[in-house]
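Coordinates as given in entry33.pdb (PDB, C-alpha atoms):
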MODEL        1
ATOM      1  CA  MET A   1     103.485  89.796  96.609  1.00  0.00           C
ATOM      2  CA  ASN A   2     104.997  87.411  99.115  1.00  0.00           C
ATOM      3  CA  GLN A   3     103.144  84.091  98.856  1.00  0.00           C
ATOM      4  CA  ALA A   4     103.580  83.551 102.606  1.00  0.00           C
ATOM      5  CA  ILE A   5     101.354  86.604 103.244  1.00  0.00           C
ATOM      6  CA  GLN A   6      97.825  86.608 101.856  1.00  0.00           C
ATOM      7  CA  PHE A   7      94.955  89.063 102.309  1.00  0.00           C
ATOM      8  CA  PRO A   8      91.444  87.569 102.187  1.00  0.00           C
ATOM      9  CA  ASP A   9      88.721  89.984 101.046  1.00  0.00           C
ATOM     10  CA  ARG A  10      87.122  90.300 104.489  1.00  0.00           C
ATOM     11  CA  GLU A  11      87.569  93.936 105.422  1.00  0.00           C
ATOM     12  CA  GLU A  12      85.058  95.618 107.698  1.00  0.00           C
ATOM     13  CA  TRP A  13      84.493  98.908 109.481  1.00  0.00           C
ATOM     14  CA  ARG A  14      84.988  98.520 113.231  1.00  0.00           C
ATOM     15  CA  THR A  15      83.380 101.324 115.232  1.00  0.00           C
ATOM     16  CA  ASP A  16      85.169 100.309 118.443  1.00  0.00           C
ATOM     17  CA  VAL A  17      88.555 101.206 116.901  1.00  0.00           C
ATOM     18  CA  SER A  18      87.292 103.698 114.247  1.00  0.00           C
ATOM     19  CA  ALA A  19      89.110 101.811 111.518  1.00  0.00           C
ATOM     20  CA  VAL A  20      88.808  99.546 108.534  1.00  0.00           C
ATOM     21  CA  VAL A  21      90.088  96.212 109.815  1.00  0.00           C
ATOM     22  CA  PHE A  22      91.275  93.460 107.499  1.00  0.00           C
ATOM     23  CA  PRO A  23      92.935  90.081 108.014  1.00  0.00           C
ATOM     24  CA  ALA A  24      96.299  88.888 106.772  1.00  0.00           C
ATOM     25  CA  MET A  25      97.259  85.241 106.641  1.00  0.00           C
ATOM     26  CA  VAL A  26     100.938  84.908 107.511  1.00  0.00           C
ATOM     27  CA  HIS A  27     102.310  81.375 107.155  1.00  0.00           C
ATOM     28  CA  GLY A  28      98.814  80.083 107.911  1.00  0.00           C
ATOM     29  CA  MET A  29      98.293  82.265 110.998  1.00  0.00           C
ATOM     30  CA  GLN A  30      95.785  85.142 110.990  1.00  0.00           C
ATOM     31  CA  LEU A  31      97.009  88.623 111.821  1.00  0.00           C
ATOM     32  CA  THR A  32      94.791  91.699 112.110  1.00  0.00           C
ATOM     33  CA  CYS A  33      95.634  94.798 110.093  1.00  0.00           C
ATOM     34  CA  ALA A  34      93.897  98.158 110.298  1.00  0.00           C
ATOM     35  CA  ILE A  35      93.848 101.686 108.970  1.00  0.00           C
ATOM     36  CA  SER A  36      91.939 104.389 110.814  1.00  0.00           C
ATOM     37  CA  GLY A  37      89.150 106.381 109.249  1.00  0.00           C
ATOM     38  CA  GLU A  38      91.107 109.514 110.085  1.00  0.00           C
ATOM     39  CA  ARG A  39      94.127 108.226 108.169  1.00  0.00           C
ATOM     40  CA  LEU A  40      91.984 107.183 105.184  1.00  0.00           C
ATOM     41  CA  ALA A  41      90.338 110.623 105.185  1.00  0.00           C
ATOM     42  CA  SER A  42      93.675 112.448 105.254  1.00  0.00           C
ATOM     43  CA  ARG A  43      95.158 110.284 102.487  1.00  0.00           C
ATOM     44  CA  PHE A  44      92.176 109.734 100.179  1.00  0.00           C
ATOM     45  CA  GLY A  45      89.243 111.854 101.391  1.00  0.00           C
ATOM     46  CA  GLY A  46      85.818 110.807 102.586  1.00  0.00           C
ATOM     47  CA  SER A  47      83.970 111.620 105.775  1.00  0.00           C
ATOM     48  CA  THR A  48      81.946 108.535 106.705  1.00  0.00           C
ATOM     49  CA  PRO A  49      82.744 104.913 107.543  1.00  0.00           C
ATOM     50  CA  GLU A  50      80.942 103.829 104.371  1.00  0.00           C
ATOM     51  CA  GLN A  51      83.139 106.102 102.242  1.00  0.00           C
ATOM     52  CA  TRP A  52      86.299 104.919 104.008  1.00  0.00           C
ATOM     53  CA  LEU A  53      85.387 101.279 103.424  1.00  0.00           C
ATOM     54  CA  GLU A  54      84.822 102.052  99.731  1.00  0.00           C
ATOM     55  CA  THR A  55      88.139 103.898  99.637  1.00  0.00           C
ATOM     56  CA  PHE A  56      89.891 100.932 101.210  1.00  0.00           C
ATOM     57  CA  GLN A  57      88.407  98.669  98.547  1.00  0.00           C
ATOM     58  CA  GLN A  58      89.456 101.072  95.791  1.00  0.00           C
ATOM     59  CA  TYR A  59      93.068 101.259  97.043  1.00  0.00           C
ATOM     60  CA  ARG A  60      93.211  97.689  98.369  1.00  0.00           C
ATOM     61  CA  TRP A  61      96.349  96.617  96.460  1.00  0.00           C
ATOM     62  CA  ASP A  62      98.389  99.617  97.605  1.00  0.00           C
ATOM     63  CA  LEU A  63      97.230  99.328 101.212  1.00  0.00           C
ATOM     64  CA  GLU A  64      97.889  95.577 101.302  1.00  0.00           C
ATOM     65  CA  GLU A  65     101.381  96.245  99.960  1.00  0.00           C
ATOM     66  CA  GLU A  66     101.986  98.683 102.829  1.00  0.00           C
ATOM     67  CA  ALA A  67     100.645  96.152 105.326  1.00  0.00           C
ATOM     68  CA  GLU A  68     102.885  93.455 103.865  1.00  0.00           C
ATOM     69  CA  ALA A  69     105.971  95.641 104.361  1.00  0.00           C
ATOM     70  CA  LEU A  70     104.976  96.347 107.982  1.00  0.00           C
ATOM     71  CA  ILE A  71     104.369  92.642 108.626  1.00  0.00           C
ATOM     72  CA  GLN A  72     107.764  91.754 107.190  1.00  0.00           C
ATOM     73  CA  ASP A  73     109.322  94.405 109.454  1.00  0.00           C
ATOM     74  CA  GLN A  74     107.421  92.943 112.435  1.00  0.00           C
ATOM     75  CA  GLN A  75     105.649  96.237 113.199  1.00  0.00           C
ATOM     76  CA  GLU A  76     102.813  94.763 115.274  1.00  0.00           C
ATOM     77  CA  ASP A  77     101.526  96.805 118.214  1.00  0.00           C
ATOM     78  CA  SER A  78     101.157  95.465 121.769  1.00  0.00           C
ATOM     79  CA  GLN A  79      97.848  93.813 120.774  1.00  0.00           C
ATOM     80  CA  GLY A  80      99.451  92.071 117.798  1.00  0.00           C
ATOM     81  CA  TRP A  81      97.781  94.353 115.244  1.00  0.00           C
ATOM     82  CA  VAL A  82      99.467  96.018 112.274  1.00  0.00           C
ATOM     83  CA  TRP A  83      98.351  99.634 111.814  1.00  0.00           C
ATOM     84  CA  LEU A  84      98.895 101.439 108.533  1.00  0.00           C
ATOM     85  CA  LEU A  85     100.068 104.998 109.102  1.00  0.00           C
TER      86      LEU A  85
ENDMDL
END

Go ahead and render the structure in this file as structure tokens.
Amino acid sequence: MNQAIQFPDREEWRTDVSAVVFPAMVHGMQLTCAISGERLASRFGGSTPEQWLETFQQYRWDLEEEAEALIQDQQEDSQGWVWLL
């Protein structure tokens, strides 16, 4: 793991974007990362926000690794968010 990128354990389900949203600290600046419920369901199963949040927590290390690669590749959207696909 790149020490310049850290992931605090502060994930949450956000209904407004239908995704598990989690922060990344990049050189001391906070960046928002997210993975949609639909994507979590297709990759890992589950059918409710509660299940998707549990799934995120179960696969946290793998998902954070994916987010780290996207951050390093500067794959932020127009809002500055990094979305796992």

*For the atom pair atom CA of Met29 of chain A and atom CA of Leu85 of chain A, what is the interatomic distance in Å to one decimal place?*
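Distance between the two atoms: 22.9 Å.
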
*Could you pull the residues within 7 Å of Glu11 of chain A, counting all atoms listed in the file, minus those fewer than 6 positions along the same chain, as a list in words?*
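Answer for this query is Val20, Val21 and Phe22 of chain A.
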
*When distances are computed from only C-alpha atoms, which of A:His27, A:Arg60, A:Arg10, A:Arg43 shows the smallest separation from Gln72 of chain A?*
A:His27

*Near Ala24 of chain A, counting all atoms listed in the file, which residues have an atom at most 8 Å away, once you skip same-chain residues fewer than 3 positions from it, shown as a ChimeraX atom specification?*
/A:5-8,30-33

*Straight-line distance linking atom CA of Glu64 of chain A with atom CA of Leu84 of chain A, stated in Å to one decimal*: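 Going from atom CA of Glu64 of chain A over to atom CA of Leu84 of chain A, I get 9.4 Å.
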
*Neighbours of Arg39 of chain A within 10 Å (only C-alpha atoms; same-chain residues fewer than 2 positions away dropped), as JSON, numbers by chain?*
{"A": [19, 35, 36, 37, 41, 42, 43, 44, 45, 52, 84, 85]}

_Separation of atom CA of Val17 of chain A from atom CA of Ala34 of chain A, in Å and rounded to one decimal_ = 9.0 Å

Axis-aligned box for all listed atoms of segment 18-28 of chain A, 3 Å per side, centre and edges in Å to one decimal, as lines of an AutoDock Vina configuration file:
center_x = 94.8
center_y = 91.9
center_z = 110.4
size_x = 21.0
size_y = 29.6
size_z = 13.6

*What does the PyMOL selection byres ((chain A and resi 67) around 8) select in this file, as a list of chain:residue names?*
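With the PyMOL selection byres ((chain A and resi 67) around 8) on this model, the match is A:Cys33, A:Leu63, A:Glu64, A:Glu65, A:Glu66, A:Glu68, A:Ala69, A:Leu70, A:Ile71, A:Val82, A:Trp83, A:Leu84.
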
*From the list A:Trp81, A:Leu40, A:Glu76, A:Gly28, which residue is nearest Leu53 of chain A when using all atoms listed in the file?*
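Closest to Leu53 of chain A of all the choices is A:Leu40.
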